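A.B. asks: entry-v1.pdb (PDB, C-alpha atoms (C1' of nucleotides)) pasted underneath:
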```pdb
ATOM      1  CA  MET Z   1      74.475  41.042  80.976
ATOM      2  CA  GLY Z   2      75.198  43.459  78.206
ATOM      3  CA  GLU Z   3      73.191  44.914  75.443
ATOM      4  CA  LEU Z   4      74.054  44.455  71.808
ATOM      5  CA  ASP Z   5      73.154  46.220  68.607
ATOM      6  CA  ILE Z   6      72.332  44.214  65.540
ATOM      7  CA  ALA Z   7      75.831  44.488  64.120
ATOM      8  CA  GLN Z   8      77.324  42.980  67.239
ATOM      9  CA  VAL Z   9      74.861  40.131  67.224
ATOM     10  CA  ALA Z  10      75.690  39.594  63.580
ATOM     11  CA  ARG Z  11      79.406  39.478  64.348
ATOM     12  CA  HIS Z  12      78.991  37.058  67.223
ATOM     13  CA  THR Z  13      76.757  34.658  65.341
ATOM     14  CA  GLY Z  14      78.007  35.045  61.797
ATOM     15  CA  LEU Z  15      74.432  35.689  60.679
ATOM     16  CA  PRO Z  16      73.756  38.700  58.459
ATOM     17  CA  ALA Z  17      71.680  41.468  60.024
ATOM     18  CA  ALA Z  18      68.959  40.876  57.461
ATOM     19  CA  THR Z  19      68.589  37.327  58.723
ATOM     20  CA  LEU Z  20      68.273  38.567  62.289
ATOM     21  CA  ARG Z  21      65.489  40.931  61.260
ATOM     22  CA  TYR Z  22      63.866  38.081  59.394
ATOM     23  CA  TYR Z  23      64.048  35.875  62.486
ATOM     24  CA  GLU Z  24      62.488  38.657  64.491
ATOM     25  CA  ARG Z  25      59.600  38.917  62.044
ATOM     26  CA  ARG Z  26      59.158  35.160  62.283
ATOM     27  CA  GLY Z  27      58.964  35.423  66.049
ATOM     28  CA  LEU Z  28      62.185  33.547  66.769
ATOM     29  CA  ILE Z  29      63.965  36.342  68.533
ATOM     30  CA  ALA Z  30      62.979  39.707  69.967
ATOM     31  CA  ALA Z  31      64.828  42.920  70.704
ATOM     32  CA  ILE Z  32      64.478  44.192  74.249
ATOM     33  CA  GLY Z  33      64.020  47.701  72.937
ATOM     34  CA  ARG Z  34      65.112  50.371  70.535
ATOM     35  CA  HIS Z  35      67.664  53.062  70.588
ATOM     36  CA  GLY Z  36      66.014  55.484  68.231
ATOM     37  CA  LEU Z  37      65.032  53.200  65.399
ATOM     38  CA  ARG Z  38      67.788  50.746  66.121
ATOM     39  CA  ARG Z  39      67.165  47.437  67.782
ATOM     40  CA  VAL Z  40      68.760  46.708  71.115
ATOM     41  CA  PHE Z  41      69.262  43.039  71.941
ATOM     42  CA  ASP Z  42      69.993  41.450  75.257
ATOM     43  CA  ALA Z  43      73.118  39.340  75.129
ATOM     44  CA  SER Z  44      70.999  36.284  75.859
ATOM     45  CA  VAL Z  45      69.852  36.436  72.259
ATOM     46  CA  LEU Z  46      73.149  34.780  71.403
ATOM     47  CA  GLU Z  47      72.202  31.601  73.234
ATOM     48  CA  ARG Z  48      68.831  31.712  71.639
ATOM     49  CA  LEU Z  49      70.375  31.991  68.205
ATOM     50  CA  ALA Z  50      72.744  29.133  68.936
ATOM     51  CA  LEU Z  51      69.753  27.030  69.850
ATOM     52  CA  ILE Z  52      67.974  28.058  66.670
ATOM     53  CA  ALA Z  53      71.025  27.124  64.611
ATOM     54  CA  LEU Z  54      71.063  23.782  66.356
ATOM     55  CA  GLY Z  55      67.417  23.210  65.567
ATOM     56  CA  ARG Z  56      68.064  24.074  61.935
ATOM     57  CA  THR Z  57      70.828  21.509  61.607
ATOM     58  CA  ALA Z  58      68.480  19.012  63.209
ATOM     59  CA  GLY Z  59      66.181  19.653  60.251
ATOM     60  CA  PHE Z  60      63.443  21.543  62.076
ATOM     61  CA  SER Z  61      61.669  24.324  60.230
ATOM     62  CA  LEU Z  62      61.672  27.846  61.592
ATOM     63  CA  GLU Z  63      58.043  27.366  62.501
ATOM     64  CA  GLU Z  64      58.771  24.249  64.537
ATOM     65  CA  ILE Z  65      61.644  25.966  66.239
ATOM     66  CA  ALA Z  66      59.465  28.943  67.040
ATOM     67  CA  ALA Z  67      56.995  26.549  68.630
ATOM     68  CA  MET Z  68      59.726  25.000  70.742
ATOM     69  CA  VAL Z  69      61.547  28.127  71.673
ATOM     70  CA  GLY Z  70      58.473  30.296  72.058
ATOM     71  CA  PRO Z  71      57.596  33.760  70.780
ATOM     72  CA  HIS Z  72      59.472  35.608  73.504
ATOM     73  CA  GLY Z  73      61.183  33.720  76.267
ATOM     74  CA  ALA Z  74      59.571  30.337  75.704
ATOM     75  CA  PRO Z  75      56.291  30.742  77.519
ATOM     76  CA  ARG Z  76      53.948  27.742  77.573
ATOM     77  CA  ILE Z  77      55.811  25.038  75.830
ATOM     78  CA  ASP Z  78      54.105  21.778  75.153
ATOM     79  CA  ARG Z  79      56.246  19.269  76.986
ATOM     80  CA  ARG Z  80      54.731  16.357  75.169
ATOM     81  CA  MET Z  81      55.693  17.930  71.894
ATOM     82  CA  LEU Z  82      59.240  18.400  73.101
ATOM     83  CA  ALA Z  83      59.473  14.772  74.113
ATOM     84  CA  ASP Z  84      58.123  13.741  70.715
ATOM     85  CA  LYS Z  85      60.688  15.904  68.974
ATOM     86  CA  ALA Z  86      63.401  14.356  71.088
ATOM     87  CA  ASP Z  87      62.243  10.878  70.096
ATOM     88  CA  ALA Z  88      62.101  11.818  66.433
ATOM     89  CA  LEU Z  89      65.565  13.281  66.727
ATOM     90  CA  ASP Z  90      66.774  10.111  68.332
ATOM     91  CA  ARG Z  91      65.549   8.054  65.418
ATOM     92  CA  THR Z  92      67.182  10.440  62.992
ATOM     93  CA  ILE Z  93      70.446  10.186  64.901
ATOM     94  CA  HIS Z  94      70.441   6.403  64.676
ATOM     95  CA  ARG Z  95      69.919   6.565  60.953
ATOM     96  CA  LEU Z  96      72.652   9.139  60.553
ATOM     97  CA  GLU Z  97      75.038   6.931  62.495
ATOM     98  CA  LYS Z  98      74.365   4.191  59.999
ATOM     99  CA  LEU Z  99      74.900   6.553  57.122
ATOM    100  CA  ARG Z 100      78.142   7.743  58.667
ATOM    101  CA  ASP Z 101      79.335   4.166  59.066
ATOM    102  CA  GLY Z 102      78.325   3.494  55.503
ATOM    103  CA  LEU Z 103      80.230   6.492  54.224
ATOM    104  CA  ARG Z 104      83.308   5.519  56.191
ATOM    105  CA  HIS Z 105      83.156   2.031  54.832
ATOM    106  CA  ALA Z 106      82.657   3.339  51.316
ATOM    107  CA  ALA Z 107      85.713   5.547  51.718
ATOM    108  CA  ALA Z 108      87.809   2.548  52.635
ATOM    109  CA  CYS Z 109      86.190  -0.156  50.562
ATOM    110  CA  ARG Z 110      87.813  -1.300  47.326
ATOM    111  CA  ALA Z 111      84.650  -2.499  45.615
ATOM    112  CA  PRO Z 112      84.152  -0.823  42.235
ATOM    113  CA  SER Z 113      80.853   0.691  43.276
ATOM    114  CA  HIS Z 114      79.516   1.091  46.776
ATOM    115  CA  LEU Z 115      76.092   0.071  45.708
ATOM    116  CA  GLU Z 116      77.634  -3.247  44.747
ATOM    117  CA  CYS Z 117      79.601  -3.684  47.933
ATOM    118  CA  PRO Z 118      77.810  -6.152  50.203
ATOM    119  CA  THR Z 119      79.038  -4.494  53.372
ATOM    120  CA  PHE Z 120      77.838  -1.094  52.288
ATOM    121  CA  ARG Z 121      74.515  -2.476  51.233
ATOM    122  CA  ARG Z 122      74.038  -4.292  54.478
ATOM    123  CA  ILE Z 123      74.799  -1.150  56.449
ATOM    124  CA  MET Z 124      72.426   0.902  54.368
ATOM    125  CA  ARG Z 125      69.689  -1.672  54.431
ATOM    126  CA  ALA Z 126      69.790  -1.588  58.202
ATOM    127  CA  SER Z 127      69.119   2.117  58.287
ATOM    128  CA  ALA Z 128      66.820   2.541  55.347
ATOM    129  CA  ARG Z 129      63.706   1.014  56.836
ATOM    130  CA  LYS Z 130      60.759   3.298  57.278
ATOM    131  CA  ARG Z 131      61.535   6.867  56.460
ATOM    132  CA  THR Z 132      60.613   9.375  59.141
ATOM    133  CA  ALA Z 133      57.886  10.830  56.946
ATOM    134  CA  LYS Z 134      59.274  14.170  57.991
ATOM    135  CA  ARG Z 135      59.159  15.557  54.456
ATOM    136  CA  ARG Z 136      55.550  16.724  54.175
TER     137      ARG Z 136
ATOM    138  CA  MET U   1      65.906  -8.925  40.190
ATOM    139  CA  GLY U   2      62.706  -7.593  38.809
ATOM    140  CA  GLU U   3      61.792  -4.623  36.743
ATOM    141  CA  LEU U   4      59.471  -1.914  37.942
ATOM    142  CA  ASP U   5      57.462   0.796  36.319
ATOM    143  CA  ILE U   6      57.375   4.245  37.819
ATOM    144  CA  ALA U   7      54.116   3.632  39.664
ATOM    145  CA  GLN U   8      55.565   0.616  41.432
ATOM    146  CA  VAL U   9      58.654   2.529  42.437
ATOM    147  CA  ALA U  10      56.395   5.278  43.695
ATOM    148  CA  ARG U  11      54.386   2.807  45.752
ATOM    149  CA  HIS U  12      57.444   1.194  47.252
ATOM    150  CA  THR U  13      59.141   4.438  48.203
ATOM    151  CA  GLY U  14      56.200   6.685  48.902
ATOM    152  CA  LEU U  15      57.640   9.234  46.511
ATOM    153  CA  PRO U  16      55.358  10.711  43.849
ATOM    154  CA  ALA U  17      56.202   9.791  40.269
ATOM    155  CA  ALA U  18      56.945  13.440  39.508
ATOM    156  CA  THR U  19      59.677  13.387  42.124
ATOM    157  CA  LEU U  20      61.190  10.276  40.597
ATOM    158  CA  ARG U  21      61.293  11.973  37.192
ATOM    159  CA  TYR U  22      62.817  15.006  38.834
ATOM    160  CA  TYR U  23      65.489  12.854  40.471
ATOM    161  CA  GLU U  24      66.215  11.308  37.117
ATOM    162  CA  ARG U  25      66.685  14.735  35.545
ATOM    163  CA  ARG U  26      69.032  15.620  38.398
ATOM    164  CA  GLY U  27      71.068  12.507  37.715
ATOM    165  CA  LEU U  28      70.255  10.747  40.965
ATOM    166  CA  ILE U  29      68.583   7.719  39.461
ATOM    167  CA  ALA U  30      68.308   6.244  35.981
ATOM    168  CA  ALA U  31      65.849   3.967  34.258
ATOM    169  CA  ILE U  32      67.334   0.871  32.661
ATOM    170  CA  GLY U  33      65.117   1.352  29.650
ATOM    171  CA  ARG U  34      61.707   2.187  28.288
ATOM    172  CA  HIS U  35      58.623   0.286  27.451
ATOM    173  CA  GLY U  36      57.246   2.517  24.758
ATOM    174  CA  LEU U  37      57.541   5.901  26.403
ATOM    175  CA  ARG U  38      57.355   4.505  29.896
ATOM    176  CA  ARG U  39      60.371   4.180  32.097
ATOM    177  CA  VAL U  40      61.479   0.779  33.257
ATOM    178  CA  PHE U  41      63.478   0.693  36.481
ATOM    179  CA  ASP U  42      65.610  -2.054  37.878
ATOM    180  CA  ALA U  43      64.517  -3.023  41.363
ATOM    181  CA  SER U  44      67.909  -1.857  42.656
ATOM    182  CA  VAL U  45      66.638   1.690  42.250
ATOM    183  CA  LEU U  46      64.808   1.137  45.528
ATOM    184  CA  GLU U  47      68.048   0.811  47.468
ATOM    185  CA  ARG U  48      69.384   3.807  45.687
ATOM    186  CA  LEU U  49      66.336   5.842  46.647
ATOM    187  CA  ALA U  50      66.595   4.701  50.248
ATOM    188  CA  LEU U  51      70.165   5.940  50.262
ATOM    189  CA  ILE U  52      69.097   9.237  48.724
ATOM    190  CA  ALA U  53      66.413   9.656  51.374
ATOM    191  CA  LEU U  54      69.009   8.971  54.011
ATOM    192  CA  GLY U  55      71.327  11.574  52.561
ATOM    193  CA  ARG U  56      68.477  14.079  52.529
ATOM    194  CA  THR U  57      67.724  13.585  56.199
ATOM    195  CA  ALA U  58      71.438  14.026  56.842
ATOM    196  CA  GLY U  59      71.065  17.480  55.313
ATOM    197  CA  PHE U  60      72.931  16.871  52.084
ATOM    198  CA  SER U  61      71.727  18.635  48.956
ATOM    199  CA  LEU U  62      70.681  16.656  45.917
ATOM    200  CA  GLU U  63      73.853  17.814  44.233
ATOM    201  CA  GLU U  64      76.041  16.495  47.031
ATOM    202  CA  ILE U  65      74.168  13.238  47.028
ATOM    203  CA  ALA U  66      74.561  12.960  43.278
ATOM    204  CA  ALA U  67      78.292  13.436  43.764
ATOM    205  CA  MET U  68      78.406  10.686  46.368
ATOM    206  CA  VAL U  69      76.110   8.255  44.681
ATOM    207  CA  GLY U  70      77.289   8.945  41.161
ATOM    208  CA  PRO U  71      75.427   9.621  37.914
ATOM    209  CA  HIS U  72      74.702   5.974  37.173
ATOM    210  CA  GLY U  73      76.027   3.230  39.370
ATOM    211  CA  ALA U  74      78.411   5.325  41.438
ATOM    212  CA  PRO U  75      81.463   5.348  39.200
ATOM    213  CA  ARG U  76      84.580   7.112  40.457
ATOM    214  CA  ILE U  77      83.727   8.352  43.875
ATOM    215  CA  ASP U  78      86.153  10.571  45.676
ATOM    216  CA  ARG U  79      87.003   8.565  48.776
ATOM    217  CA  ARG U  80      88.489  11.532  50.515
ATOM    218  CA  MET U  81      85.270  13.432  50.056
ATOM    219  CA  LEU U  82      83.308  10.548  51.499
ATOM    220  CA  ALA U  83      85.538  10.437  54.554
ATOM    221  CA  ASP U  84      85.112  14.189  54.979
ATOM    222  CA  LYS U  85      81.353  13.851  54.743
ATOM    223  CA  ALA U  86      81.455  11.094  57.317
ATOM    224  CA  ASP U  87      83.430  13.319  59.672
ATOM    225  CA  ALA U  88      81.070  16.241  59.153
ATOM    226  CA  LEU U  89      78.170  13.926  59.786
ATOM    227  CA  ASP U  90      79.810  12.707  62.943
ATOM    228  CA  ARG U  91      80.083  16.251  64.277
ATOM    229  CA  THR U  92      76.464  16.882  63.374
ATOM    230  CA  ILE U  93      75.435  13.719  65.184
ATOM    231  CA  HIS U  94      77.190  14.801  68.357
ATOM    232  CA  ARG U  95      75.424  18.137  68.282
ATOM    233  CA  LEU U  96      72.090  16.503  67.662
ATOM    234  CA  GLU U  97      72.641  14.223  70.619
ATOM    235  CA  LYS U  98      73.081  17.281  72.772
ATOM    236  CA  LEU U  99      69.976  18.852  71.351
ATOM    237  CA  ARG U 100      68.046  15.655  71.975
ATOM    238  CA  ASP U 101      69.245  15.591  75.574
ATOM    239  CA  GLY U 102      68.314  19.231  75.920
ATOM    240  CA  LEU U 103      64.832  18.615  74.563
ATOM    241  CA  ARG U 104      64.320  15.674  76.865
ATOM    242  CA  HIS U 105      65.420  17.709  79.800
ATOM    243  CA  ALA U 106      63.171  20.573  78.762
ATOM    244  CA  ALA U 107      60.239  18.198  78.534
ATOM    245  CA  ALA U 108      60.830  17.080  82.118
ATOM    246  CA  CYS U 109      62.147  20.275  83.661
ATOM    247  CA  ARG U 110      59.861  22.427  85.793
ATOM    248  CA  ALA U 111      61.663  25.708  85.225
ATOM    249  CA  PRO U 112      59.312  28.383  83.862
ATOM    250  CA  SER U 113      61.336  28.800  80.706
ATOM    251  CA  HIS U 114      63.942  26.435  79.335
ATOM    252  CA  LEU U 115      66.176  29.284  78.439
ATOM    253  CA  GLU U 116      66.280  30.099  82.124
ATOM    254  CA  CYS U 117      66.919  26.572  83.272
ATOM    255  CA  PRO U 118      70.567  26.178  84.169
ATOM    256  CA  THR U 119      70.664  22.526  83.172
ATOM    257  CA  PHE U 120      69.177  23.218  79.786
ATOM    258  CA  ARG U 121      71.562  26.069  79.202
ATOM    259  CA  ARG U 122      74.566  24.022  80.184
ATOM    260  CA  ILE U 123      73.546  21.248  77.805
ATOM    261  CA  MET U 124      72.988  23.694  74.999
ATOM    262  CA  ARG U 125      76.143  25.606  75.621
ATOM    263  CA  ALA U 126      78.103  22.412  75.281
ATOM    264  CA  SER U 127      76.766  21.796  71.813
ATOM    265  CA  ALA U 128      76.458  25.296  70.464
ATOM    266  CA  ARG U 129      80.130  26.015  69.897
ATOM    267  CA  LYS U 130      81.200  26.543  66.317
ATOM    268  CA  ARG U 131      78.451  25.990  63.840
ATOM    269  CA  THR U 132      79.302  23.616  61.024
ATOM    270  CA  ALA U 133      79.197  26.435  58.490
ATOM    271  CA  LYS U 134      77.134  24.048  56.393
ATOM    272  CA  ARG U 135      74.686  26.722  55.388
ATOM    273  CA  ARG U 136      76.305  28.307  52.315
TER     274      ARG U 136
ATOM    275  C1'  DT K   1      74.944  71.751  63.179
ATOM    276  C1'  DT K   2      75.755  69.100  59.962
ATOM    277  C1'  DG K   3      76.759  65.214  57.207
ATOM    278  C1'  DC K   4      77.800  60.460  56.946
ATOM    279  C1'  DC K   5      76.586  55.916  57.109
ATOM    280  C1'  DA K   6      74.918  52.109  59.707
ATOM    281  C1'  DC K   7      70.391  50.946  60.596
ATOM    282  C1'  DG K   8      65.411  50.850  59.396
ATOM    283  C1'  DT K   9      61.292  49.295  56.250
ATOM    284  C1'  DG K  10      58.389  46.871  52.766
ATOM    285  C1'  DA K  11      58.645  44.639  48.601
ATOM    286  C1'  DA K  12      60.729  42.001  45.290
ATOM    287  C1'  DG K  13      64.162  38.541  43.941
ATOM    288  C1'  DT K  14      66.785  34.013  44.473
ATOM    289  C1'  DC K  15      67.552  29.225  45.247
ATOM    290  C1'  DG K  16      66.684  24.402  46.174
ATOM    291  C1'  DG K  17      63.410  21.047  45.945
ATOM    292  C1'  DC K  18      59.606  19.719  44.574
ATOM    293  C1'  DT K  19      54.486  20.062  42.577
ATOM    294  C1'  DT K  20      51.150  21.280  39.243
ATOM    295  C1'  DC K  21      49.566  22.068  34.684
ATOM    296  C1'  DA K  22      48.484  21.805  29.773
ATOM    297  C1'  DG K  23      48.657  19.076  26.229
ATOM    298  C1'  DG K  24      50.424  14.858  23.872
ATOM    299  C1'  DT K  25      51.360   9.462  23.564
ATOM    300  C1'  DC K  26      50.534   4.723  23.688
ATOM    301  C1'  DA K  27      49.868  -0.188  26.173
ATOM    302  C1'  DA K  28      46.206  -2.659  27.315
ATOM    303  C1'  DG K  29      41.520  -4.107  28.057
ATOM    304  C1'  DC K  30      37.092  -4.441  25.743
TER     305       DC K  30
ATOM    306  C1'  DG R   1      40.064  -1.170  16.135
ATOM    307  C1'  DC R   2      38.954   1.979  19.715
ATOM    308  C1'  DT R   3      38.718   4.030  24.027
ATOM    309  C1'  DT R   4      40.816   4.980  28.293
ATOM    310  C1'  DG R   5      43.833   6.156  31.649
ATOM    311  C1'  DA R   6      48.476   5.891  33.226
ATOM    312  C1'  DC R   7      52.722   7.959  31.400
ATOM    313  C1'  DC R   8      55.240  11.315  28.976
ATOM    314  C1'  DT R   9      57.257  16.322  28.408
ATOM    315  C1'  DG R  10      58.455  21.200  29.121
ATOM    316  C1'  DA R  11      57.142  25.032  31.476
ATOM    317  C1'  DA R  12      55.236  27.342  35.159
ATOM    318  C1'  DG R  13      54.059  27.605  40.019
ATOM    319  C1'  DC R  14      54.857  27.117  45.048
ATOM    320  C1'  DC R  15      57.091  27.057  49.573
ATOM    321  C1'  DG R  16      60.592  27.907  52.972
ATOM    322  C1'  DA R  17      64.393  30.463  54.054
ATOM    323  C1'  DC R  18      66.805  33.903  53.065
ATOM    324  C1'  DT R  19      68.954  37.934  50.268
ATOM    325  C1'  DT R  20      68.773  42.104  47.764
ATOM    326  C1'  DC R  21      66.853  46.489  46.623
ATOM    327  C1'  DA R  22      65.278  51.170  46.816
ATOM    328  C1'  DC R  23      64.775  54.449  49.629
ATOM    329  C1'  DG R  24      63.885  56.696  54.357
ATOM    330  C1'  DT R  25      65.898  57.947  59.264
ATOM    331  C1'  DG R  26      68.631  59.376  62.889
ATOM    332  C1'  DG R  27      72.938  58.593  66.255
ATOM    333  C1'  DC R  28      77.163  60.465  66.578
ATOM    334  C1'  DA R  29      81.954  62.207  65.220
ATOM    335  C1'  DA R  30      83.840  66.432  63.485
TER     336       DA R  30
END
```
Show me this structure written as C-alpha cells.
C.D. replies:
Amino acid sequence: MGELDIAQVARHTGLPAATLRYYERRGLIAAIGRHGLRRVFDASVLERLALIALGRTAGFSLEEIAAMVGPHGAPRIDRRMLADKADALDRTIHRLEKLRDGLRHAAACRAPSHLECPTFRRIMRASARKRTAKRR
Amino acid sequence: MGELDIAQVARHTGLPAATLRYYERRGLIAAIGRHGLRRVFDASVLERLALIALGRTAGFSLEEIAAMVGPHGAPRIDRRMLADKADALDRTIHRLEKLRDGLRHAAACRAPSHLECPTFRRIMRASARKRTAKRR
DNA sequence: TTGCCACGTGAAGTCGGCTTCAGGTCAAGC
DNA sequence: GCTTGACCTGAAGCCGACTTCACGTGGCAA
C-alpha cells in the first residue's frame, strides 16, 4: 500500500489536519514515520479513521474507541468488552428504530401535536423504557 | 394526570434537578406553574423527557430536539424536517448495525488484530462509505 | 541557495451540555 | 412563630472534542 502525508489523509477523510494530530495525541492513530518533521501515514490509516468515525456516530467516546481499536494496531483487545459494546449498540439500535418510526409517523400524522397523538405516544412509550445509562 | 415537583421528576427520570432547570431554560420542557417559587410539572413532562433522552441517544443536539418537540406542546412542527431526520436516522441505524456485526465478529475472531482480519475489514468497509456529515 | 509555505508544536480558545457554587426564598413541620 | 431544608437564581466551572493561534522548521521548486 501507499504512504500518505497528512494533507492527503485530510483530503480522503474530510477531517482537518489538526484533528488528525489530535487523534494521534489521543492514541487513536499513529504515523508510520516522519519525513523530516512531517508525518508519514500508511494508507491503512484511512480504514482506521473510517472505523473511528463509525464509533463516534455510535456515540462512543474517543477513549472508548481507543480501547477498542488499540493504541497502535489493536493489540490485546478485550473480547468480552467488545461483545458488551455490541450488545449495548444493539439495544441502542432498537431504540433508534422506534424513534425513527415515531418520527415517520409524526411526519405523516395529522394530530395537532405529536405528543397528543396516541400512535406516536404508543411508539415512544415502547422505546422509552430504561435509558441505557450511557450518559455518565 | 398528576402534578409533580422537580424532585419527583428527577426521581422518575434519573436526571438531576439542575438538568431539568437547564432543559427548561433551553425550551425543552416547561412547568405548568409554580407553588410559591417552586416549579410544578404536569406528569406528561415524563414522556417528554423520555423522548428527549431518546433524541439525545440518536445524536441530536438539544437545539434540534427543541425544534422537533417544540417550545411548549410541540406546536407547528415541520413535517418535512421530521421525515428528513427519520431518513438520516435510518442511515445511521444501518451503519450501526454494521458496526455491531463488526464488533461481534471481532469478539469471536481469532485474528491477531481486527484491522488485519479480512472479515472484519469487509464488514467495516461496507459501512464506512460516506460519513453522514452530521458533525458540523 | 534561497525563499516560500505546508507542516510542526504547545498553549489557549470555543462550543455544547451539563454541574457546581454562592447566596437568597419560602412551604412545611415542630 | 420559627427553624430547616428543599428550591430558587445567575454566574462560574468543567469536560470532551475539537479549533485556533503564535511562532518555529524544513522539503522542494525556481
A.B. asks: Could you list, with a cut-off of 10 Å and counting all atoms listed in the file, the residues of chain Z near chain K, each shown with its nearest atom pair and the distance in Å rounded to one decimal, rows sorted by chain and ascending number, as a tab-separated table?
C.D. replies:
```
residue	atom	partner	partner_atom	distance
Z:Asp5	CA	K:DC7	C1'	9.7
Z:Ile6	CA	K:DC7	C1'	8.6
Z:Ala7	CA	K:DA6	C1'	8.9
Z:Ala17	CA	K:DC7	C1'	9.6
Z:Gly36	CA	K:DC7	C1'	9.9
Z:Leu37	CA	K:DG8	C1'	6.5
Z:Arg38	CA	K:DC7	C1'	6.1
Z:Arg39	CA	K:DC7	C1'	8.6
```
A.B. asks: Mind telling me what the PyMOL selection byres ((chain R) within 12 of (chain Z)) catches here, as a count of residues only?
C.D. replies: 10
A.B. asks: Rounded to one decimal place, report the CA of Leu49 (chain Z)-CA of Asp78 (chain Z) distance in Å.
C.D. replies: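 Distance reported for this atom pair: 20.4 Å.
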A.B. asks: Looking at only C-alpha atoms, which of Z:Ile123, Z:Arg110, Z:Ala88, Z:Leu82 is the one that sits closest to chain U?
C.D. replies: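 Counting only C-alpha atoms, the residue closest to chain U is Z:Leu82.
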A.B. asks: Quick one: everything within 10 Å of Val45 (chain Z), counting only C-alpha atoms (C1' of nucleotides), minus sequence neighbours fewer than 5 positions away in the same chain. Send it as a PyMOL selection string.
C.D. replies: chain Z and resi 3-4+9+13+28-32+50-51+73
A.B. asks: Between Z:Pro118, Z:Gly27, Z:Gly14, Z:Gly2, which one has atoms that come closest to chain U, using all atoms listed in the file?
C.D. replies: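 Of Z:Pro118, Z:Gly27, Z:Gly14, Z:Gly2, the one nearest chain U is Z:Gly14, counting all atoms listed in the file.
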